[in-house]
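Trainee: Take a look at coords_1.txt, compact mmCIF, C-alpha atoms (C1' of nucleotides):
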```txt
# COMPACT_ATOMS: atom_id res chain seq x y z
CA MET A 1 61.44 59.10 126.32
CA ASN A 2 61.98 55.39 126.63
CA LYS A 3 64.97 53.44 125.36
CA ILE A 4 65.74 52.38 128.90
CA ILE A 5 68.12 49.48 129.08
CA PRO A 6 65.72 46.64 129.86
CA ASN A 7 66.09 44.75 133.07
CA LEU A 8 66.46 41.15 131.97
CA GLY A 9 66.49 39.52 135.37
CA SER A 10 70.28 39.15 135.44
CA GLU A 11 70.66 40.41 138.99
CA ARG A 12 74.32 41.01 139.26
CA PRO A 13 74.47 43.99 141.58
CA THR A 14 75.99 46.37 139.07
CA ASP A 15 73.34 45.49 136.50
CA ARG A 16 70.72 46.74 138.87
CA LEU A 17 72.74 49.88 139.50
CA VAL A 18 73.13 50.64 135.82
CA HIS A 19 69.43 50.24 135.39
CA LEU A 20 68.74 52.48 138.36
CA LEU A 21 71.18 55.07 137.08
CA VAL A 22 69.62 55.25 133.65
CA GLY A 23 66.10 55.25 135.06
CA THR A 24 66.94 58.06 137.43
CA ALA A 25 68.44 60.12 134.63
CA HIS A 26 65.30 59.62 132.57
CA GLY A 27 63.21 60.65 135.53
CA LEU A 28 65.21 63.84 135.89
CA GLU A 29 64.85 64.59 132.21
CA LYS A 30 61.13 64.07 132.49
CA ARG A 31 60.94 66.53 135.37
CA TYR A 32 63.03 68.91 133.32
CA GLU A 33 60.58 68.71 130.44
CA GLU A 34 57.63 69.08 132.78
CA ALA A 35 59.17 72.14 134.39
CA LEU A 36 59.52 73.79 130.99
CA ALA A 37 56.10 72.83 129.64
CA PRO A 38 54.16 75.63 131.43
CA VAL A 39 56.47 78.15 129.75
CA GLY A 40 55.68 76.59 126.39
CA LEU A 41 59.18 75.24 125.89
CA THR A 42 60.58 71.78 125.35
CA GLY A 43 63.99 70.62 126.46
CA PRO A 44 65.69 71.01 123.08
CA LYS A 45 64.12 74.41 122.48
CA PHE A 46 65.19 75.68 125.88
CA GLY A 47 68.64 74.27 125.32
CA ALA A 48 69.08 76.17 122.08
CA LEU A 49 67.76 79.42 123.55
CA SER A 50 70.08 78.99 126.52
CA LYS A 51 73.12 78.55 124.32
CA LEU A 52 72.20 81.73 122.46
CA VAL A 53 71.77 83.65 125.71
CA GLN A 54 75.00 82.22 127.02
CA ALA A 55 76.83 83.24 123.85
CA GLY A 56 75.48 86.77 124.12
CA SER A 57 75.13 87.00 120.34
CA SER A 58 73.82 85.13 117.37
CA LEU A 59 75.47 81.84 116.50
CA SER A 60 75.89 80.03 113.25
CA LEU A 61 73.85 76.86 113.00
CA GLY A 62 77.06 74.88 113.01
CA GLU A 63 78.19 76.46 116.27
CA LEU A 64 74.80 75.75 117.75
CA ALA A 65 75.05 72.12 116.66
CA GLU A 66 78.45 71.82 118.33
CA ARG A 67 77.31 73.37 121.59
CA LEU A 68 74.23 71.17 121.70
CA THR A 69 76.23 68.08 120.73
CA CYS A 70 74.10 67.10 117.81
CA VAL A 71 74.24 66.91 114.04
CA ARG A 72 73.57 69.86 111.82
CA SER A 73 70.41 68.54 110.24
CA ASN A 74 68.90 68.41 113.69
CA ILE A 75 69.60 72.09 114.21
CA THR A 76 68.10 73.00 110.86
CA GLN A 77 64.84 71.49 112.03
CA LEU A 78 65.03 72.84 115.57
CA VAL A 79 65.66 76.37 114.32
CA ASP A 80 62.78 75.93 111.87
CA ARG A 81 60.49 75.24 114.80
CA LEU A 82 61.95 78.00 116.95
CA GLU A 83 61.54 80.43 114.11
CA ALA A 84 57.94 79.33 113.64
CA ASP A 85 57.43 80.03 117.35
CA GLY A 86 58.98 83.47 116.93
CA LEU A 87 61.73 82.75 119.43
CA VAL A 88 64.65 82.90 117.06
CA GLU A 89 65.45 84.54 113.73
CA ARG A 90 67.74 83.42 110.97
CA SER A 91 70.06 85.98 109.44
CA GLU A 92 72.81 86.00 106.88
CA ASP A 93 76.44 86.13 107.81
CA PRO A 94 78.07 89.04 106.00
CA ALA A 95 81.47 87.34 106.16
CA ASP A 96 80.49 83.97 104.72
CA ARG A 97 77.56 83.45 102.45
CA ARG A 98 77.31 79.78 103.31
CA THR A 99 76.69 80.50 106.95
CA VAL A 100 73.26 81.03 108.52
CA ARG A 101 73.15 82.66 111.90
CA ALA A 102 70.44 82.23 114.52
CA GLY A 103 69.65 85.15 116.81
CA ILE A 104 67.29 85.16 119.76
CA THR A 105 64.24 87.45 119.64
CA GLU A 106 62.69 89.51 122.43
CA LEU A 107 60.09 86.83 122.97
CA GLY A 108 62.77 84.16 122.87
CA LEU A 109 64.70 85.94 125.57
CA GLU A 110 61.63 86.25 127.76
CA LYS A 111 60.91 82.58 127.39
CA GLN A 112 64.48 81.60 128.11
CA ILE A 113 64.43 83.65 131.30
CA ALA A 114 61.13 82.13 132.37
CA GLY A 115 62.42 78.65 131.60
CA ALA A 116 65.65 79.24 133.47
CA LYS A 117 63.62 80.18 136.56
CA MET A 118 61.70 76.93 136.39
CA ILE A 119 64.89 74.95 136.02
CA ALA A 120 66.50 76.80 138.91
CA ASN A 121 63.56 75.78 141.08
CA LEU A 122 63.86 72.19 139.96
CA LEU A 123 67.56 72.10 140.75
CA GLU A 124 66.83 73.69 144.12
CA GLU A 125 64.48 70.82 144.86
CA VAL A 126 67.08 68.31 143.78
CA ALA A 127 69.71 69.95 145.94
CA SER A 128 67.54 69.84 149.03
CA SER A 129 66.63 66.20 148.50
CA LEU A 130 70.32 65.38 148.37
CA LYS A 131 71.24 67.07 151.61
CA GLY A 132 73.37 64.98 153.91
CA LEU A 133 74.31 62.38 151.33
CA ASP A 134 77.82 61.46 150.33
CA LEU A 135 77.99 63.28 147.03
CA ASP A 136 81.72 62.80 146.70
CA ALA A 137 81.32 59.06 146.63
CA PHE A 138 78.51 59.53 144.15
CA GLU A 139 80.70 61.60 141.89
CA ARG A 140 83.56 59.11 142.11
CA VAL A 141 81.31 56.40 140.75
CA LEU A 142 80.04 58.64 137.97
CA ASN A 143 83.58 59.53 137.07
CA ALA A 144 84.56 55.89 136.97
CA LEU A 145 81.72 55.29 134.55
CA GLY A 146 82.64 58.41 132.65
CA ALA A 147 86.24 57.42 132.20
CA PHE A 148 85.14 54.07 130.89
CA ASN A 149 82.51 55.65 128.73
CA VAL A 150 82.04 57.70 125.59
CA LEU A 151 81.44 60.88 127.51
CA ALA A 152 83.99 63.35 126.26
CA CYS A 153 81.30 64.87 124.12
CA TYR A 154 79.10 65.51 127.14
CA LYS A 155 81.69 67.30 129.20
CA ASP A 156 79.92 70.64 128.98
CA ALA A 157 77.08 70.09 126.61
CA MET B 1 70.23 60.89 121.60
CA ASN B 2 70.67 64.40 122.88
CA LYS B 3 68.19 66.29 125.06
CA ILE B 4 70.84 66.63 127.72
CA ILE B 5 70.02 69.20 130.33
CA PRO B 6 72.24 72.09 129.21
CA ASN B 7 74.91 73.33 131.52
CA LEU B 8 74.15 77.01 131.90
CA GLY B 9 77.12 78.01 133.99
CA SER B 10 75.16 77.97 137.24
CA GLU B 11 77.82 76.11 139.18
CA ARG B 12 76.00 75.11 142.26
CA PRO B 13 77.56 71.76 143.09
CA THR B 14 74.42 69.72 142.62
CA ASP B 15 73.79 71.30 139.22
CA ARG B 16 77.05 69.92 138.05
CA LEU B 17 76.20 66.53 139.52
CA VAL B 18 72.84 66.40 137.79
CA HIS B 19 74.52 67.22 134.54
CA LEU B 20 77.16 64.57 135.13
CA LEU B 21 74.52 62.01 136.05
CA VAL B 22 72.47 62.59 132.93
CA GLY B 23 75.55 62.68 130.72
CA THR B 24 76.81 59.42 132.17
CA ALA B 25 73.46 57.77 131.59
CA HIS B 26 73.46 58.91 127.97
CA GLY B 27 76.98 57.59 127.59
CA LEU B 28 75.87 54.21 128.88
CA GLU B 29 72.94 54.16 126.54
CA LYS B 30 75.21 55.00 123.66
CA ARG B 31 77.49 52.09 124.58
CA TYR B 32 74.43 49.91 124.85
CA GLU B 33 73.35 50.86 121.32
CA GLU B 34 76.88 50.37 120.02
CA ALA B 35 77.09 46.94 121.61
CA LEU B 36 73.89 45.88 119.84
CA ALA B 37 74.70 47.39 116.45
CA PRO B 38 76.96 44.51 115.27
CA VAL B 39 74.07 42.12 115.88
CA GLY B 40 71.82 44.32 113.75
CA LEU B 41 69.66 45.37 116.65
CA THR B 42 68.80 48.73 118.15
CA GLY B 43 67.98 49.35 121.80
CA PRO B 44 64.21 49.39 121.40
CA LYS B 45 64.22 46.30 119.18
CA PHE B 46 66.38 44.37 121.61
CA GLY B 47 64.17 45.54 124.47
CA ALA B 48 61.05 44.19 122.82
CA LEU B 49 62.67 40.87 121.90
CA SER B 50 63.96 40.54 125.46
CA LYS B 51 60.53 41.08 126.94
CA LEU B 52 59.16 38.38 124.66
CA VAL B 53 61.92 35.97 125.65
CA GLN B 54 61.42 36.82 129.29
CA ALA B 55 57.67 36.21 129.00
CA GLY B 56 58.29 32.82 127.38
CA SER B 57 55.29 33.28 125.10
CA SER B 58 53.69 35.78 122.80
CA LEU B 59 52.39 38.99 124.32
CA SER B 60 49.61 41.30 123.30
CA LEU B 61 50.82 44.64 122.01
CA GLY B 62 49.30 46.28 125.07
CA GLU B 63 51.28 44.03 127.40
CA LEU B 64 54.40 44.80 125.46
CA ALA B 65 53.71 48.53 125.74
CA GLU B 66 53.32 48.21 129.49
CA ARG B 67 56.50 46.23 129.94
CA LEU B 68 58.46 48.64 127.81
CA THR B 69 56.87 51.66 129.52
CA CYS B 70 55.66 53.35 126.40
CA VAL B 71 52.45 54.18 124.60
CA ARG B 72 50.65 51.75 122.37
CA SER B 73 51.16 53.62 119.14
CA ASN B 74 54.87 53.29 119.68
CA ILE B 75 54.57 49.52 119.89
CA THR B 76 52.48 49.37 116.75
CA GLN B 77 55.37 50.95 114.87
CA LEU B 78 58.10 48.99 116.63
CA VAL B 79 56.36 45.69 115.91
CA ASP B 80 55.90 46.82 112.30
CA ARG B 81 59.66 47.21 112.01
CA LEU B 82 60.41 43.98 113.89
CA GLU B 83 58.01 42.15 111.64
CA ALA B 84 59.67 43.65 108.56
CA ASP B 85 62.97 42.36 109.95
CA GLY B 86 61.44 38.92 110.41
CA LEU B 87 62.13 38.92 114.15
CA VAL B 88 58.54 38.91 115.34
CA GLU B 89 55.17 37.80 114.01
CA ARG B 90 51.73 39.18 114.71
CA SER B 91 48.96 36.71 115.43
CA GLU B 92 45.33 36.86 116.44
CA ASP B 93 44.15 36.23 119.94
CA PRO B 94 41.46 33.54 119.89
CA ALA B 95 39.97 34.84 123.13
CA ASP B 96 39.62 38.50 122.16
CA ARG B 97 39.27 39.68 118.63
CA ARG B 98 40.54 43.17 119.44
CA THR B 99 43.85 41.88 120.66
CA VAL B 100 46.93 41.40 118.50
CA ARG B 101 49.69 39.20 119.84
CA ALA B 102 53.39 39.44 119.01
CA GLY B 103 55.46 36.25 119.01
CA ILE B 104 59.19 35.96 118.55
CA THR B 105 60.51 34.03 115.53
CA GLU B 106 63.48 31.67 115.31
CA LEU B 107 65.60 34.46 113.88
CA GLY B 108 64.34 36.83 116.54
CA LEU B 109 65.38 34.43 119.25
CA GLU B 110 68.84 34.03 117.75
CA LYS B 111 69.27 37.76 117.58
CA GLN B 112 68.07 38.25 121.13
CA ILE B 113 70.56 35.69 122.39
CA ALA B 114 73.37 37.31 120.44
CA GLY B 115 72.36 40.73 121.73
CA ALA B 116 72.15 39.51 125.30
CA LYS B 117 75.73 38.24 125.04
CA MET B 118 76.95 41.64 123.91
CA ILE B 119 75.10 43.34 126.74
CA ALA B 120 76.47 40.86 129.26
CA ASN B 121 79.98 41.78 128.11
CA LEU B 122 79.23 45.45 128.41
CA LEU B 123 77.90 45.03 131.93
CA GLU B 124 80.94 42.96 132.80
CA GLU B 125 83.14 45.85 131.74
CA VAL B 126 81.06 48.26 133.78
CA ALA B 127 81.28 46.02 136.81
CA SER B 128 85.04 45.80 136.62
CA SER B 129 85.44 49.55 136.24
CA LEU B 130 83.40 50.01 139.40
CA LYS B 131 85.47 47.71 141.55
CA GLY B 132 86.45 49.14 144.92
CA LEU B 133 84.02 52.05 144.80
CA ASP B 134 81.37 52.78 147.38
CA LEU B 135 78.35 51.56 145.48
CA ASP B 136 76.10 51.71 148.52
CA ALA B 137 76.62 55.44 148.80
CA PHE B 138 76.01 55.67 145.07
CA GLU B 139 72.76 53.83 145.37
CA ARG B 140 71.63 55.96 148.30
CA VAL B 141 71.98 59.08 146.18
CA LEU B 142 70.13 57.50 143.29
CA ASN B 143 67.38 56.44 145.63
CA ALA B 144 67.11 59.94 147.04
CA LEU B 145 66.67 61.23 143.50
CA GLY B 146 64.28 58.42 142.75
CA ALA B 147 62.06 59.15 145.72
CA PHE B 148 61.90 62.77 144.69
CA ASN B 149 61.35 61.82 141.10
CA VAL B 150 58.76 60.41 138.73
CA LEU B 151 60.38 57.05 138.67
CA ALA B 152 57.72 54.63 139.75
CA CYS B 153 57.26 53.72 136.11
CA TYR B 154 60.90 52.75 135.75
CA LYS B 155 61.04 50.43 138.72
CA ASP B 156 61.47 47.35 136.59
CA ALA B 157 61.10 48.54 133.06
C1' DC C 1 93.74 81.89 88.17
C1' DC C 2 91.39 77.81 88.81
C1' DA C 3 90.64 72.82 89.65
C1' DG C 4 89.98 70.22 93.28
C1' DC C 5 88.88 69.93 98.10
C1' DA C 6 86.51 71.44 102.37
C1' DT C 7 82.76 73.50 104.74
C1' DT C 8 77.91 74.97 105.41
C1' DA C 9 73.24 74.36 105.59
C1' DT C 10 69.37 71.97 103.69
C1' DT C 11 66.71 68.02 102.15
C1' DC C 12 65.49 63.30 102.39
C1' DA C 13 64.82 58.81 104.39
C1' DT C 14 64.40 56.67 108.57
C1' DA C 15 63.95 55.45 113.75
C1' DT C 16 61.98 56.54 117.86
C1' DA C 17 58.80 58.80 120.88
C1' DT C 18 54.22 61.11 122.11
C1' DG C 19 49.22 62.01 122.10
C1' DA C 20 44.68 62.65 119.75
C1' DA C 21 41.19 60.63 116.98
C1' DC C 22 39.25 56.56 115.28
C1' DA C 23 37.08 51.83 114.49
C1' DA C 24 36.19 47.46 116.18
C1' DA C 25 35.18 44.65 119.83
C1' DA C 26 34.15 43.55 124.64
C1' DT C 27 31.87 44.65 128.97
C1' DC C 28 28.69 46.66 132.06
C1' DA C 29 24.58 48.68 134.08
C1' DT C 30 20.18 49.05 134.06
C1' DA D 1 18.96 42.75 125.98
C1' DT D 2 20.78 46.81 124.75
C1' DG D 3 22.74 51.33 125.02
C1' DA D 4 26.71 53.41 127.16
C1' DT D 5 31.32 52.87 128.35
C1' DT D 6 35.87 50.89 128.12
C1' DT D 7 39.51 48.61 125.94
C1' DT D 8 42.48 47.57 121.94
C1' DG D 9 45.16 48.49 118.23
C1' DT D 10 45.89 51.52 114.30
C1' DT D 11 46.42 55.92 111.99
C1' DC D 12 47.74 60.63 111.86
C1' DA D 13 50.25 64.73 113.13
C1' DT D 14 54.16 66.13 115.34
C1' DA D 15 58.87 66.47 117.82
C1' DT D 16 63.25 64.88 118.13
C1' DA D 17 67.30 62.45 116.63
C1' DT D 18 70.58 60.41 113.00
C1' DG D 19 73.15 60.01 108.62
C1' DA D 20 73.56 60.28 103.49
C1' DA D 21 73.23 63.11 99.57
C1' DT D 22 73.14 67.66 97.58
C1' DA D 23 74.00 72.58 96.43
C1' DA D 24 76.24 76.66 97.35
C1' DT D 25 80.15 78.75 98.73
C1' DG D 26 84.86 79.29 100.32
C1' DC D 27 89.74 78.00 100.19
C1' DT D 28 94.22 76.23 98.45
C1' DG D 29 98.07 74.40 95.77
C1' DG D 30 100.08 74.63 91.76
```
Have the structure of the file written as structure tokens, please.
Mentor:
Amino acid sequence: MNKIIPNLGSERPTDRLVHLLVGTAHGLEKRYEEALAPVGLTGPKFGALSKLVQAGSSLSLGELAERLTCVRSNITQLVDRLEADGLVERSEDPADRRTVRAGITELGLEKQIAGAKMIANLLEEVASSLKGLDLDAFERVLNALGAFNVLACYKDA
Amino acid sequence: MNKIIPNLGSERPTDRLVHLLVGTAHGLEKRYEEALAPVGLTGPKFGALSKLVQAGSSLSLGELAERLTCVRSNITQLVDRLEADGLVERSEDPADRRTVRAGITELGLEKQIAGAKMIANLLEEVASSLKGLDLDAFERVLNALGAFNVLACYKDA
DNA sequence: CCAGCATTATTCATATATGAACAAAATCAT
DNA sequence: ATGATTTTGTTCATATATGAATAATGCTGG
């Protein structure tokens, strides 16, 4: 969970801000993982289950990779682990014998729902800690960084 | 480089902001990695070299782990790879036979300097894309999230 | 039709991260 | 002084990520 851009004492004001931004994001992700841990889920596992719930049906591994913005080989492994946990099941696609579909199980659905509750609580906390702040200005800065950045792929990941 | 908090159509305004924040941070980290790639460095490798340069002397692996905010076993592996690249050398600590010190090599120093230049350019770009925005408001929001968050460990990572 | 091309998932090698278990060495408390 | 504890780095098992190579299948242009 590291890979934080190191602060090398440069001390231009934006350098500090970038560092703060990335650190804050990592902190949020850590909270996110911690919120899911009691349910027995990790971030990536919850993400995959959520995409399946959201889709309302099974998805091919390729579709799952797209929606989770990652490469296929990653999904092969993630679905291996989810299947070992009994949260997801692979099935054949009758229309295309190359395709493997992943469908959520009963247990997977339960876990997703439990995880979603934890995340809702977390986001509630975040929302209340942000009350009264100028969130529009905040978003303008993020958008400025987003325009400049490689973020198309994150638009609705 | 994924593990982005998935957007599960909740659509409270702060949910969207959290998602945007984390996505932007990942985008910056991606740019950071891409800036270092031509030099032949990755983020973690550059981070370790930078801490050694900053320290001005060799550091024990434990000190390095602390400054990079990660566990010791991670540093063992990272220093293995840096040593294989010829960027760092392990040495014994005369004062404590348990301790292993990591010192930067000539080549390591060159690479760190080259990497630092690339990062300086990147931050320059960021700074110019942020011109005219209300960075104080931005920082206030980040601080609100930081206070609420597990971020002590990132204060000056 | 079928030869070549594209797509799909898997496997493999690798990088990064964590945490538990371990061995060696240092320190501390009695 | 010495037995217990702590500290240090390594090793191992595991999770997550990437990208290259591969095999199976599907598709397409002639």
Trainee: May I have the residues of chain D within 9 Å of chain A, counting all atoms listed in the file, written as a list in words?
Mentor: DT16, DA17, DT18, DG19, DA24, DT25 and DG26 of chain D
Trainee: Considering all atoms listed in the file, state which residue in the set C:DC22, C:DA6, C:DA17, C:DA29 is at the smallest distance from chain B.
Mentor: C:DA17
Trainee: Restrict the distance test to all atoms listed in the file, flag each residue of chain C within 9 Å of chain A, and return the flagged residues as a PyMOL selection string.
Mentor: chain C and resi 7-11+16-18
Trainee: Between B:Ala95, B:Leu52, B:Val88, B:Ala37, which residue has the minimum interatomic distance to chain A, considering all atoms listed in the file?
Mentor: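 Result for the nearest residue to chain A: B:Leu52.
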Trainee: Need to verify the contact set: A:Glu139, 12 Å, all atoms listed in the file, exclusion of same-chain residues closer than 6 positions in sequence. Can you return it as number ranges by chain?
Mentor: A: 133, 145-147; B: 13-14, 16-21, 24, 133-135, 137-139, 141-142
Trainee: Using only C-alpha atoms, can you tell me which of A:Val126, A:Gly132, A:Met118, A:Leu59 comes closest to A:Glu34?
Mentor: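 Smallest separation from A:Glu34 among the options: A:Met118.
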Trainee: Determine, counting only C-alpha atoms (C1' of nucleotides), which protein, DNA and RNA residues have an atom within 12 Å of an atom of A:Ala55; residues of the same chain fewer than 3 positions away are not included. Present the result as a CSV table (one decimal) with C-alpha atoms, in the coordinates of the input.
Mentor:
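Final file, selection00.csv:
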```
chain,number,residue,atom,x,y,z
A,48,ALA,CA,69.1,76.2,122.1
A,49,LEU,CA,67.8,79.4,123.6
A,50,SER,CA,70.1,79.0,126.5
A,51,LYS,CA,73.1,78.6,124.3
A,52,LEU,CA,72.2,81.7,122.5
A,58,SER,CA,73.8,85.1,117.4
A,59,LEU,CA,75.5,81.8,116.5
A,60,SER,CA,75.9,80.0,113.2
A,63,GLU,CA,78.2,76.5,116.3
A,64,LEU,CA,74.8,75.8,117.8
A,67,ARG,CA,77.3,73.4,121.6
A,102,ALA,CA,70.4,82.2,114.5
A,103,GLY,CA,69.6,85.2,116.8
A,104,ILE,CA,67.3,85.2,119.8
B,8,LEU,CA,74.2,77.0,131.9
B,9,GLY,CA,77.1,78.0,134.0
```
Trainee: To one decimal in Å, tell me the separation between atom CA of B:Lys111 and atom CA of B:Phe46.
Mentor: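 A separation of 8.3 Å between them.
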Trainee: Can you measure atom CA of A:Val53 to atom CA of B:Lys30 for me? One decimal in Å is fine.
Mentor: 28.9 Å
Trainee: Skip B:Ala127 itself and residues of its chain fewer than 3 positions away, then list as number ranges by chain all residues within 9 Å of it, counting all atoms listed in the file.
Mentor: A: 12-15; B: 122-124, 130-131
Trainee: For the selection just defined, write its residues with C-alpha atoms to a file, as a PDB file, in the coordinates of the input.
Mentor:
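Output file out.pdb is given in full below:
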```pdb
ATOM      1  CA  ARG A  12      74.320  41.010 139.260  1.00  0.00           C
ATOM      2  CA  PRO A  13      74.470  43.990 141.580  1.00  0.00           C
ATOM      3  CA  THR A  14      75.990  46.370 139.070  1.00  0.00           C
ATOM      4  CA  ASP A  15      73.340  45.490 136.500  1.00  0.00           C
TER       5      ASP A  15
ATOM      6  CA  LEU B 122      79.230  45.450 128.410  1.00  0.00           C
ATOM      7  CA  LEU B 123      77.900  45.030 131.930  1.00  0.00           C
ATOM      8  CA  GLU B 124      80.940  42.960 132.800  1.00  0.00           C
ATOM      9  CA  LEU B 130      83.400  50.010 139.400  1.00  0.00           C
ATOM     10  CA  LYS B 131      85.470  47.710 141.550  1.00  0.00           C
TER      11      LYS B 131
END
```
Trainee: Which residues are near B:Gly86? Cut-off 8 Å, all atoms listed in the file, ignore same chain within fewer than 3 positions. Put them as a ChimeraX atom specification.
Mentor: /B:82-83,89,105,107-108
Trainee: Ranking A:Leu36, A:Leu87, A:Ala144, A:Leu41 by minimum distance to chain B and counting only C-alpha atoms, which one comes first?
Mentor: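 Ranking A:Leu36, A:Leu87, A:Ala144, A:Leu41 by distance to chain B, first place goes to A:Ala144.
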Trainee: Rounded to one decimal, what separation in Å do you get between atom CA of B:Glu33 and atom CA of B:Arg101?
Mentor: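 Pair atom CA of B:Glu33 / atom CA of B:Arg101 returns 26.4 Å.
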Trainee: Calculated over all atoms listed in the file, which of the candidates B:Gln54, B:Ser91, B:Asn121, B:Gln112 has the smallest distance to chain A?
Mentor: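 Among the listed residues, B:Gln54 lies closest to chain A.
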